[in-house]
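Novice: I'm passing along run_25.txt; it holds compact mmCIF, C-alpha atoms.
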# COMPACT_ATOMS: atom_id res chain seq x y z
CA MET A 4 82.22 111.00 123.46
CA SER A 5 82.75 113.98 121.16
CA SER A 6 81.35 114.24 117.66
CA ALA A 7 84.92 114.65 116.37
CA LEU A 8 85.96 111.35 117.90
CA ASP A 9 82.78 109.70 116.67
CA SER A 10 83.54 110.78 113.12
CA PHE A 11 86.94 109.07 113.12
CA LEU A 12 85.61 105.87 114.64
CA ASP A 13 82.65 105.80 112.26
CA LYS A 14 84.94 106.38 109.28
CA TRP A 15 86.76 103.14 110.06
CA ARG A 16 83.55 101.24 110.82
CA THR A 17 82.12 102.36 107.47
CA ARG A 18 85.08 100.84 105.65
CA TRP A 19 84.97 97.69 107.75
CA PRO A 20 81.27 96.99 108.38
CA GLU A 21 82.03 93.30 109.07
CA TRP A 22 83.62 94.33 112.36
CA SER A 23 80.19 94.93 113.90
CA GLN A 24 79.49 91.21 113.49
CA VAL A 25 82.59 90.07 115.37
CA GLU A 26 83.53 92.74 117.90
CA GLY A 27 81.71 90.71 120.52
CA PHE A 28 84.85 88.54 120.61
CA ILE A 29 86.66 91.58 122.08
CA PRO A 30 86.10 92.44 125.76
CA ALA A 31 83.56 95.26 126.01
CA ALA A 32 85.94 97.57 127.86
CA GLU A 33 88.46 97.38 124.99
CA ARG A 34 86.20 97.77 121.94
CA GLU A 35 86.34 101.53 121.49
CA ARG A 36 90.10 101.58 122.00
CA VAL A 37 90.54 98.84 119.38
CA VAL A 38 88.52 100.79 116.82
CA ALA A 39 90.41 103.99 117.71
CA TRP A 40 93.73 102.24 117.06
CA PHE A 41 92.54 100.81 113.76
CA ALA A 42 91.19 104.24 112.80
CA LEU A 43 94.64 105.70 113.40
CA LEU A 44 96.24 103.03 111.23
CA GLN A 45 93.69 103.81 108.55
CA GLU A 46 94.89 107.41 108.60
CA PHE A 47 98.40 106.15 107.95
CA ASP A 48 97.20 103.81 105.18
CA ASP A 49 95.48 106.74 103.48
CA ILE A 50 98.68 108.79 103.67
CA LEU A 51 100.78 105.90 102.33
CA ASN A 52 98.38 105.20 99.48
CA THR A 53 97.68 108.76 98.43
CA SER A 54 97.49 109.55 94.74
CA GLY A 55 98.05 112.88 93.07
CA ASP A 56 99.81 115.72 94.86
CA PRO A 57 101.49 114.19 97.94
CA MET A 58 102.21 117.48 99.71
CA PRO A 59 98.97 117.61 101.77
CA SER A 60 99.48 114.01 102.89
CA ASP A 61 103.11 114.64 103.73
CA ALA A 62 102.15 117.65 105.84
CA LYS A 63 99.51 115.57 107.59
CA LEU A 64 102.07 112.84 108.29
CA ALA A 65 104.48 115.37 109.79
CA TRP A 66 101.68 116.61 112.03
CA TRP A 67 100.94 113.07 113.17
CA GLY A 68 104.61 112.61 114.05
CA GLU A 69 104.47 115.57 116.40
CA GLU A 70 101.13 114.41 117.79
CA LEU A 71 102.48 110.96 118.65
CA ARG A 72 105.49 112.47 120.35
CA GLY A 73 103.04 114.49 122.41
CA TRP A 74 101.24 111.30 123.39
CA SER A 75 104.46 110.04 124.95
CA ALA A 76 104.24 113.06 127.28
CA GLN A 77 100.45 112.74 127.59
CA ARG A 78 99.78 115.91 125.61
CA SER A 79 97.32 114.83 122.93
CA LYS A 80 95.47 117.21 120.63
CA HIS A 81 93.69 114.78 118.30
CA PRO A 82 90.37 113.20 119.38
CA LEU A 83 91.80 109.70 118.97
CA GLY A 84 94.31 110.56 121.66
CA ARG A 85 91.55 110.54 124.25
CA LEU A 86 91.36 106.78 123.91
CA LEU A 87 94.92 105.94 122.89
CA GLU A 88 97.22 108.35 124.72
CA PRO A 89 96.61 106.84 128.19
CA VAL A 90 98.21 103.59 126.99
CA ARG A 91 101.91 103.55 127.85
CA ALA A 92 103.02 102.47 124.40
CA PRO A 93 106.13 103.35 122.32
CA TRP A 94 104.44 106.30 120.60
CA ALA A 95 107.69 108.20 119.98
CA GLU A 96 109.20 105.17 118.28
CA LEU A 97 106.17 104.95 115.99
CA ALA A 98 106.49 108.67 115.22
CA GLN A 99 110.13 108.17 114.29
CA VAL A 100 109.34 105.69 111.51
CA LEU A 101 106.39 107.54 109.97
CA PRO A 102 108.62 109.16 107.30
CA HIS A 103 109.18 105.64 105.94
CA LEU A 104 105.60 105.83 104.60
CA VAL A 105 106.66 108.62 102.26
CA GLN A 106 109.63 106.61 101.02
CA ALA A 107 107.49 103.48 100.62
CA ARG A 108 105.29 105.18 98.03
CA ALA A 109 108.06 104.81 95.46
CA ALA A 110 107.78 101.94 92.99
CA ASN A 111 109.59 98.84 94.24
CA ALA A 112 111.81 96.63 92.14
CA ASP A 113 110.57 93.37 93.63
CA PRO A 114 108.56 91.91 96.55
CA GLN A 115 111.61 91.90 98.81
CA GLN A 116 112.12 95.63 98.37
CA ALA A 117 108.41 96.25 98.93
CA ARG A 118 108.64 94.50 102.27
CA GLN A 119 111.88 96.17 103.26
CA SER A 120 110.41 99.61 102.61
CA LEU A 121 107.75 99.10 105.29
CA ALA A 122 109.58 96.77 107.69
CA ALA A 123 110.49 99.43 110.26
CA TYR A 124 106.96 100.80 110.25
CA ALA A 125 105.49 97.30 110.73
CA ASN A 126 107.84 96.63 113.65
CA ALA A 127 106.79 99.88 115.34
CA VAL A 128 103.08 99.16 114.84
CA ALA A 129 103.50 95.64 116.25
CA ALA A 130 105.31 97.04 119.30
CA VAL A 131 102.46 99.45 120.02
CA GLU A 132 99.90 96.66 119.64
CA GLN A 133 101.81 94.47 122.08
CA ALA A 134 101.84 97.29 124.64
CA MET A 135 98.21 98.18 124.01
CA PHE A 136 96.56 94.76 123.88
CA GLY A 137 98.98 92.68 125.91
CA GLY A 138 99.17 88.93 125.73
CA HIS A 139 102.16 86.83 124.85
CA ALA A 140 103.88 87.53 121.55
CA ARG A 141 103.09 84.76 119.08
CA GLY A 142 105.59 84.41 116.28
CA ASP A 143 106.43 87.33 114.08
CA ALA A 144 103.67 89.85 114.80
CA ALA A 145 105.38 92.48 112.65
CA ALA A 146 105.13 90.19 109.60
CA ALA A 147 101.34 90.14 109.98
CA VAL A 148 101.23 93.94 110.09
CA LEU A 149 103.54 94.21 107.09
CA THR A 150 101.57 91.83 104.89
CA GLN A 151 98.27 93.47 105.75
CA THR A 152 99.69 96.94 105.04
CA LEU A 153 100.93 95.83 101.62
CA ALA A 154 97.59 94.18 100.90
CA GLN A 155 95.71 97.37 101.76
CA ARG A 156 98.03 99.23 99.41
CA LEU A 157 97.05 96.82 96.64
CA GLN A 158 93.37 97.26 97.49
CA ASP A 159 93.71 101.04 97.25
CA LEU A 160 96.04 101.42 94.27
CA ASP A 161 95.59 98.25 92.17
CA SER A 162 98.42 97.73 89.67
CA ALA A 163 100.23 100.90 90.79
CA ALA A 164 101.16 99.04 93.98
CA VAL A 165 102.66 96.02 92.18
CA PRO A 166 106.48 95.67 92.23
CA HIS A 167 108.19 95.99 88.86
CA SER A 168 109.27 92.34 88.77
CA LEU A 169 105.60 91.24 88.83
CA GLN A 170 104.29 93.76 86.32
CA ALA A 171 102.54 92.24 83.30
CA PRO A 172 101.10 93.80 80.12
CA GLU A 173 97.62 93.28 81.54
CA PRO A 174 97.23 95.21 84.84
CA SER A 175 94.73 92.74 86.27
CA VAL A 176 97.29 89.94 85.83
CA SER A 177 99.85 92.00 87.77
CA VAL A 178 97.37 92.55 90.59
CA ARG A 179 96.57 88.86 90.84
CA GLN A 180 100.25 87.90 90.82
CA TRP A 181 101.13 90.26 93.63
CA GLY A 182 97.98 89.34 95.51
CA ARG A 183 98.85 85.65 95.35
CA GLU A 184 102.38 86.42 96.50
CA LEU A 185 101.02 88.19 99.58
CA LEU A 186 98.52 85.43 100.32
CA SER A 187 101.27 82.81 100.15
CA GLN A 188 102.78 84.39 103.26
CA TRP A 189 99.50 85.19 105.00
CA PRO A 190 98.12 82.36 107.16
CA ALA A 191 94.49 82.30 108.26
CA ARG A 192 95.67 82.84 111.83
CA VAL A 193 98.55 85.29 112.13
CA ALA A 194 100.76 86.26 115.05
CA GLY A 195 99.95 89.17 117.32
CA PRO A 196 97.23 90.11 119.81
CA ARG A 197 93.59 89.15 119.28
CA PRO A 198 92.37 92.39 117.64
CA ARG A 199 95.13 92.18 115.02
CA ARG A 200 94.43 88.52 114.34
CA MET A 201 90.74 89.22 113.81
CA TRP A 202 91.27 92.27 111.60
CA SER A 203 93.85 90.34 109.60
CA ALA A 204 91.32 87.57 108.97
CA LEU A 205 88.88 90.11 107.51
CA ALA A 206 91.57 91.75 105.37
CA ARG A 207 92.77 88.38 104.12
CA SER A 208 89.25 87.53 102.93
CA ARG A 209 89.15 90.78 100.97
CA GLN A 210 92.50 89.98 99.42
CA GLN A 211 91.31 86.52 98.38
CA ALA A 212 88.32 88.05 96.62
CA LYS A 213 90.53 90.55 94.82
CA VAL A 214 92.86 87.81 93.59
CA ARG A 215 89.86 85.90 92.26
CA GLY A 216 88.63 89.05 90.51
CA GLN A 217 85.38 88.94 92.48
CA ALA A 218 83.44 91.55 94.37
CA TYR A 219 83.84 91.16 98.10
CA ALA A 220 80.53 89.89 99.47
CA PRO A 221 81.16 88.11 102.79
CA LYS A 222 78.57 85.85 104.37
CA PRO A 223 77.95 86.57 108.06
CA ILE A 224 78.51 82.98 109.14
CA GLY A 225 81.85 82.92 107.32
CA VAL A 226 82.92 86.20 108.91
CA LEU A 227 82.06 84.88 112.37
CA TRP A 228 83.86 81.60 111.84
CA ARG A 229 87.07 83.16 110.47
CA CYS A 230 87.32 85.75 113.21
CA TRP A 231 86.51 83.28 115.96
CA TRP A 232 89.23 80.96 114.70
CA ALA A 233 91.73 83.79 114.24
CA GLY A 234 91.05 85.28 117.65
CA ARG A 235 90.80 82.16 119.80
CA GLY A 236 93.52 81.29 122.29
As structure tokens, what does this structure read like?

Specialist:
Amino acid sequence: MSSALDSFLDKWRTRWPEWSQVEGFIPAAERERVVAWFALLQEFDDILNTSGDPMPSDAKLAWWGEELRGWSAQRSKHPLGRLLEPVRAPWAELAQVLPHLVQARAANADPQQARQSLAAYANAVAAVEQAMFGGHARGDAAAAVLTQTLAQRLQDLDSAAVPHSLQAPEPSVSVRQWGRELLSQWPARVAGPRPRRMWSALARSRQQAKVRGQAYAPKPIGVLWRCWWAGRG
């Protein structure tokens, strides 16, 4: 494995150290590919949640669009492609919706608009995950992707990610209101393949801590239990 690929995988693992406690629930042959996929999604989250001058992020997003189209023809350039490109997934369809991330940065009037702005992206991500990880579709897998993407946006941007209809004079109140709204539609066990269900369980725990105004300090036994429950079946 190249040092370039290692750096991308380690970047995700650094942000999600809990994963090392639960990746044993994933078949050994799939573990690196799972982390590579999540690392790619983290790249997209960073582009979506950029602050300041958006031009570098927009240029990076355009590059990723071309890269994913290349994956459809098995012509990868990025190190992550070594693990992901061999999967016959709808990469071109994902590339087509990446510009929605730029549009989704705009302030939303209400929760419905916030969800609509990322709906096409969530559908494309869910389609790739179904192709990559297999298994029978369980419920609305795209809804799980959408809620987690919005929650990560709140984690990264705080009150700047809150729709106008939930804004309050005190920013922390706005964050809690939007966080509770997201949690109300976020079950402990979401739809989708096992890796998504497990990652969602970890992200949901972070969101719960944020809504409570507490630092996220997970206990290993709790992490194991939540991910086992989310991933079983």

Novice: For region 110-122 of chain A, list every protein, DNA or RNA residue within 9 Å, evaluated using only C-alpha atoms, and leave out those in the same chain fewer than 4 positions away; present the list as a ChimeraX atom specification.

Specialist: /A:103-104,106,126-127,145-146,149-150,152-153,163-169,181,184-185

Novice: Please compute the CA of Val37 (chain A)-CA of Trp202 (chain A) distance, one decimal, in Å.

Specialist: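 For CA of Val37 (chain A) relative to CA of Trp202 (chain A), the distance reads 10.2 Å.
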
Novice: If we count only C-alpha atoms, what is near Gln99 (chain A) at a cut-off of 12 Å, once residues fewer than 2 positions away on the same chain are taken out, given as an MDAnalysis selection string?

Specialist: chainID A and resid 64:65 67:72 93:97 101:104 123:124 126:128

Novice: Those residues you just picked out, can you put them in a file as a short mmCIF file (atom, residue, chain, number, x, y, z; two decimals), keeping the file's coordinate frame with C-alpha atoms?

Specialist:
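Okay, this is what ended up in part.cif:
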data_model
loop_
_atom_site.label_atom_id
_atom_site.label_comp_id
_atom_site.auth_asym_id
_atom_site.auth_seq_id
_atom_site.Cartn_x
_atom_site.Cartn_y
_atom_site.Cartn_z
CA LEU A 64 102.07 112.84 108.29
CA ALA A 65 104.48 115.37 109.79
CA TRP A 67 100.94 113.07 113.17
CA GLY A 68 104.61 112.61 114.05
CA GLU A 69 104.47 115.57 116.40
CA GLU A 70 101.13 114.41 117.79
CA LEU A 71 102.48 110.96 118.65
CA ARG A 72 105.49 112.47 120.35
CA PRO A 93 106.13 103.35 122.32
CA TRP A 94 104.44 106.30 120.60
CA ALA A 95 107.69 108.20 119.98
CA GLU A 96 109.20 105.17 118.28
CA LEU A 97 106.17 104.95 115.99
CA LEU A 101 106.39 107.54 109.97
CA PRO A 102 108.62 109.16 107.30
CA HIS A 103 109.18 105.64 105.94
CA LEU A 104 105.60 105.83 104.60
CA ALA A 123 110.49 99.43 110.26
CA TYR A 124 106.96 100.80 110.25
CA ASN A 126 107.84 96.63 113.65
CA ALA A 127 106.79 99.88 115.34
CA VAL A 128 103.08 99.16 114.84
#

Novice: Let me make sure I understand: among A:Ser79, A:Ser10, A:Ser162, A:Gln155, which one has the smallest atom-to-atom distance to Ser177 (chain A) if we use all atoms listed in the file?

Specialist: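 So, comparing all the options, the nearest one is A:Ser162.
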
Novice: Which residue out of A:Tyr219, A:Trp228, A:Trp66, A:Phe28 has the minimum interatomic distance to Glu46 (chain A) when only C-alpha atoms are used?

Specialist: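 Nearest to Glu46 (chain A): A:Trp66.
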